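Here's the structure, in structure tokens; my notes come after.
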Protein chains: 2
Amino acid sequence: MSHEPSGLSPQFQRLVPEGDDRERRVCDHCGFIDYENPRIIVGSVAIWEDRVLLCRRAIEPRKGYWTLPAGFMERGETPDQGARREAWEEARANLETEQLLGVYSVQHIGHVQMIYRARLLTDAIAPGPESEEVGLFRFDDLPTDLAFPSVTWALEHYLETRDQTDFAPRSAPLPVVDAESAGL
Amino acid sequence: MSHEPSGLSPQFQRLVPEGDDRERRVCDHCGFIDYENPRIIVGSVAIWEDRVLLCRRAIEPRKGYWTLPAGFMERGETPDQGARREAWEEARANLETEQLLGVYSVQHIGHVQMIYRARLLTDAIAPGPESEEVGLFRFDDLPTDLAFPSVTWALEHYLETRDQTDFAPRSAPLPVVDAESAGL
């Protein structure tokens with residue numbers, strides 16, 4: 001079933017709902033309270049032999065730039081299931097997730113990224129609808145036009161921990177101040 | 001500013017919004033799309049000497065049972081900042097977060113719990129509005145009426161890793177099938 005645009009749109013104002021202790025977006029039309037909780041992005045540094053899977057974005061933001069397969073976690077899945085789904089959707093890749101490599105909090109835009117180390121089960125990959133192109137890259141021959149700082153962090157953290165099996169997930173190296181460029 | 005109940009309430013039906021690939025809750029009154037993303041719960045196993053901070057819940061669910069200080073992460077904070085805020089709100093406790101101890105996914109209710117190992121900076125604690133009572137407990141003298149399975153997991157995972165500094169965060173031991181009892 002497809003949603004026909006109705007011409008309706010929510011009209012939010014900021015109010016403190018009864019029993020709450022901070023302002024929330026409350027819709028004037030229907031009273032809906034939008035808590036705007038942080039959203040989880042799940043993704044992977046997915047490896048085939050000594051190469052890493054990257055996807056050239058077919059959509060904004062950062063269309064044409066290279067990124068890791070990643071996207072918003074959905075209800076009903078675990079974070080690692082979400083990372084596998086995203087790899088399929090963006091690169092038709094089948095993978096097995098391993099350690100949690102990084103937890104990158106980008107608080108200005110309310111994102112928490114959970115990036116897994118993963119192993120591709122085959123090298124059969126192909127662009128999904130949100131990718132212009134997908135590829136497997138050696139670490140000494142990565143594209144220079146990466147989409148987001150967090151892509152760089154995750155690749156660096158992968159190299160830092162590639163010989164370890166039991167390690168703490170890495171964090172963002174510095175507070176992210178440029179919200180625009182930090183999303184995945 | 002307090003929100004006066006207006007008698008309005010959102011009326012949702014499930015539709016696939018244009019350009020999306022799955023059903024979402026869309027409000028009949030205003031067209032608002034509620035993506036129902038998974039929500040992050042942040043909390044801590046907070047230690048003073050050889051004792052752990054627990055809070056007896058003053059609210060449902062599981063009113064009267066003991067839990068870790070934890071709650072929904074808010075926008076504008078990192079997960080560890082959220083864990084510190086919750087410890088203050090629920091137990092007037094000041095703490096320093098250390099390693100990420102567990103990432104517990106409770107997919108049936110769309111929760112991802114991020115529980116930190118933490119060190120209390122003082123033993124001055126007191127119940128906040130959502131706690132009936134707070135206490136510091138030795139691990140050989142824990143209350144038996146714990147609120148949620150994840151409290152048990154986090155306490156076990158703390159004991160398992162207490163002598164380690166670099167370790168992978170633990171997961172839920174088994175798929176959680178009883179959604180009702182699994183929330184924090």
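Please note that chains go A, B, ... in the order of the structure tokens, that every chain numbers its residues from 1, and that ligands are numbered from 1 in the order shown.
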
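By chain and then residue number, the residues within 10 Å of Ser105 of chain B are A:Gly76, A:Glu77, A:Thr78, A:Pro79, A:Asp80, B:Pro38, B:Ile40, B:Ile41, B:His111, B:Val112, B:Gln113, B:Met114, B:Ser150, B:Ser171, B:Ala172, B:Pro175, B:Val176, B:Ala182, counting only C-alpha atoms and disregarding those fewer than 6 positions away in sequence.
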
Can you write out the residues you just picked, keeping C-alpha atoms, as a CSV table (one decimal), in the first residue's frame?
```csv
chain,number,residue,atom,x,y,z
A,76,GLY,CA,12.8,-5.7,14.9
A,77,GLU,CA,16.5,-6.3,14.2
A,78,THR,CA,19.6,-6.4,16.2
A,79,PRO,CA,22.4,-3.9,15.3
A,80,ASP,CA,24.5,-6.7,13.6
B,38,PRO,CA,14.9,1.7,17.9
B,40,ILE,CA,18.8,3.7,23.0
B,41,ILE,CA,18.9,3.1,26.7
B,111,HIS,CA,15.5,-1.1,22.5
B,112,VAL,CA,19.3,-1.2,22.4
B,113,GLN,CA,20.8,-0.9,25.8
B,114,MET,CA,24.4,0.5,26.2
B,150,SER,CA,19.4,-7.1,31.6
B,171,SER,CA,25.8,-9.1,24.3
B,172,ALA,CA,22.5,-10.5,25.7
B,175,PRO,CA,17.5,-14.0,22.3
B,176,VAL,CA,14.9,-12.3,24.5
B,182,ALA,CA,13.0,-7.3,29.2
```

Just need the residues of chain A within 7 Å of chain B, counting only C-alpha atoms, so spit them out as an MDAnalysis selection string.
-> chainID A and resid 1:3 8:10 15:18 29:32 36:39 73:78 105 107:108 110 166:169

For the selection just defined, write its residues with N, CA, C and O atoms to a file, as a short mmCIF file (atom, residue, chain, number, x, y, z; two decimals), in the first residue's frame.
```cif
data_model
loop_
_atom_site.label_atom_id
_atom_site.label_comp_id
_atom_site.auth_asym_id
_atom_site.auth_seq_id
_atom_site.Cartn_x
_atom_site.Cartn_y
_atom_site.Cartn_z
N MET A 1 0.85 -1.18 0.00
CA MET A 1 0.00 0.00 0.00
C MET A 1 0.90 1.24 0.00
O MET A 1 1.81 1.38 0.79
N SER A 2 0.62 2.16 -0.88
CA SER A 2 1.45 3.36 -0.98
C SER A 2 0.71 4.54 -0.38
O SER A 2 -0.52 4.62 -0.42
N HIS A 3 1.46 5.45 0.18
CA HIS A 3 0.86 6.61 0.84
C HIS A 3 0.61 7.71 -0.17
O HIS A 3 1.52 8.20 -0.81
N LEU A 8 -1.74 17.18 4.05
CA LEU A 8 -1.61 17.43 5.48
C LEU A 8 -0.15 17.53 5.85
O LEU A 8 0.70 16.88 5.28
N SER A 9 0.15 18.34 6.85
CA SER A 9 1.49 18.29 7.41
C SER A 9 1.43 18.62 8.89
O SER A 9 0.58 19.41 9.32
N PRO A 10 2.30 17.96 9.67
CA PRO A 10 2.23 18.20 11.11
C PRO A 10 2.70 19.62 11.42
O PRO A 10 3.49 20.20 10.70
N LEU A 15 6.96 22.19 23.64
CA LEU A 15 6.27 22.29 24.92
C LEU A 15 6.85 21.25 25.86
O LEU A 15 7.41 20.26 25.41
N VAL A 16 6.69 21.47 27.17
CA VAL A 16 7.03 20.43 28.14
C VAL A 16 5.77 19.61 28.41
O VAL A 16 4.83 20.12 29.03
N PRO A 17 5.70 18.36 27.94
CA PRO A 17 4.50 17.55 28.21
C PRO A 17 4.36 17.30 29.71
O PRO A 17 5.35 17.30 30.44
N GLU A 18 3.14 17.10 30.15
CA GLU A 18 2.86 16.81 31.56
C GLU A 18 3.72 15.66 32.04
O GLU A 18 3.79 14.60 31.40
N HIS A 29 -1.91 19.79 15.66
CA HIS A 29 -3.08 19.17 15.05
C HIS A 29 -3.59 17.96 15.81
O HIS A 29 -4.78 17.71 15.88
N CYS A 30 -2.65 17.17 16.34
CA CYS A 30 -3.10 15.89 16.89
C CYS A 30 -2.55 15.59 18.28
O CYS A 30 -2.88 14.57 18.86
N GLY A 31 -1.67 16.45 18.81
CA GLY A 31 -1.15 16.21 20.15
C GLY A 31 -0.02 15.21 20.22
O GLY A 31 0.50 14.91 21.29
N PHE A 32 0.42 14.68 19.05
CA PHE A 32 1.50 13.69 19.05
C PHE A 32 2.77 14.29 19.63
O PHE A 32 3.13 15.42 19.31
N GLU A 36 12.05 12.69 19.56
CA GLU A 36 13.33 12.94 18.87
C GLU A 36 14.49 12.23 19.55
O GLU A 36 15.52 12.84 19.83
N ASN A 37 14.30 10.96 19.83
CA ASN A 37 15.40 10.22 20.43
C ASN A 37 16.55 10.10 19.43
O ASN A 37 16.33 10.15 18.22
N PRO A 38 17.75 9.92 19.93
CA PRO A 38 18.87 9.69 19.02
C PRO A 38 18.60 8.46 18.16
O PRO A 38 17.94 7.52 18.60
N ARG A 39 19.11 8.49 16.95
CA ARG A 39 18.90 7.36 16.06
C ARG A 39 20.20 6.57 15.87
O ARG A 39 21.29 7.15 15.89
N MET A 73 19.23 1.84 11.64
CA MET A 73 18.73 0.59 12.19
C MET A 73 17.20 0.63 12.23
O MET A 73 16.61 1.67 12.52
N GLU A 74 16.57 -0.49 11.91
CA GLU A 74 15.11 -0.59 11.94
C GLU A 74 14.67 -1.36 13.19
O GLU A 74 15.44 -2.15 13.75
N ARG A 75 13.42 -1.16 13.57
CA ARG A 75 12.86 -1.96 14.66
C ARG A 75 12.79 -3.42 14.26
O ARG A 75 12.60 -3.73 13.08
N GLY A 76 12.93 -4.32 15.22
CA GLY A 76 12.77 -5.74 14.95
C GLY A 76 14.07 -6.41 14.55
O GLY A 76 14.09 -7.61 14.28
N GLU A 77 15.16 -5.65 14.48
CA GLU A 77 16.45 -6.26 14.16
C GLU A 77 17.45 -5.90 15.25
O GLU A 77 17.27 -4.91 15.97
N THR A 78 18.52 -6.69 15.35
CA THR A 78 19.63 -6.35 16.23
C THR A 78 20.58 -5.46 15.42
O THR A 78 20.50 -5.41 14.19
N SER A 105 29.53 8.62 18.37
CA SER A 105 28.40 9.45 18.74
C SER A 105 28.54 10.81 18.05
O SER A 105 29.56 11.47 18.19
N GLN A 107 26.60 13.86 18.37
CA GLN A 107 25.46 14.32 19.16
C GLN A 107 24.72 15.50 18.56
O GLN A 107 23.53 15.68 18.82
N HIS A 108 25.39 16.31 17.72
CA HIS A 108 24.72 17.48 17.15
C HIS A 108 23.57 17.08 16.23
O HIS A 108 22.63 17.84 16.05
N GLY A 110 22.22 13.95 16.60
CA GLY A 110 21.49 12.90 17.29
C GLY A 110 21.69 11.52 16.69
O GLY A 110 20.75 10.73 16.62
N ASP A 166 39.72 -9.49 20.88
CA ASP A 166 38.99 -9.01 22.05
C ASP A 166 39.46 -7.59 22.35
O ASP A 166 40.54 -7.39 22.90
N PHE A 167 38.66 -6.62 21.96
CA PHE A 167 39.08 -5.22 22.15
C PHE A 167 37.85 -4.35 22.35
O PHE A 167 36.74 -4.70 21.92
N ALA A 168 38.07 -3.21 22.99
CA ALA A 168 36.97 -2.26 23.22
C ALA A 168 36.69 -1.51 21.92
O ALA A 168 37.62 -1.11 21.23
N PRO A 169 35.41 -1.32 21.59
CA PRO A 169 35.09 -0.54 20.39
C PRO A 169 35.65 0.88 20.52
O PRO A 169 35.69 1.44 21.61
#
```

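The least-squares superposition of chain A onto chain B, using every Cα atom in order, ends with an RMSD of 0.1 Å.
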
Using the chain letters and numbers from this document, which residues of segment 55-144 of chain B does DSSP assign to alpha helix (DSSP H), as a list of chain:residue names?
-> B:Pro79, B:Asp80, B:Gln81, B:Gly82, B:Ala83, B:Arg84, B:Arg85, B:Glu86, B:Ala87, B:Trp88, B:Glu89, B:Glu90, B:Ala91

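Every protein or nucleic acid residue with an atom no more than 12 Å from Leu159 of chain B, counting only C-alpha atoms and leaving out same-chain residues fewer than 3 positions away, appears here: Val45, Ile47, Asp50, Arg51, Val52, Leu101, Arg117, Arg138, Phe139, Asp140, Thr152, Trp153, Ala154, Leu155, Glu156, Arg162, Asp163, Gln164 and Arg170 of chain B.
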
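Across the structure, atom CA of Ile125 of chain A and atom CA of Arg92 of chain A are spaced 5.3 Å apart.
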
Mind the document's chain letters and residue numbers, and return as a PyMOL selection string the residues of segment 71-150 of chain B that DSSP labels strand (DSSP E or B).
-> chain B and resi 71-72+95-106+111-120+131-138+146

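For the residues A:Tyr158, A:Phe12, A:Trp48, A:Trp66, ranking by smallest atom-to-atom distance to Glu133 of chain A using only C-alpha atoms places A:Trp66 first.
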
Atomic distance atom CA of Gln81 of chain B - atom CA of Glu98 of chain B, expressed in Å with one decimal = 11.3 Å

Expressed in Å, the length from atom CA of Glu96 of chain A to atom CA of Pro129 of chain A is 21.9 Å

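Each of B:Gly82, B:Gly102, B:Gly128, B:Pro149 was compared to Thr67 of chain B using only C-alpha atoms, and B:Pro149 turns out to be the nearest.
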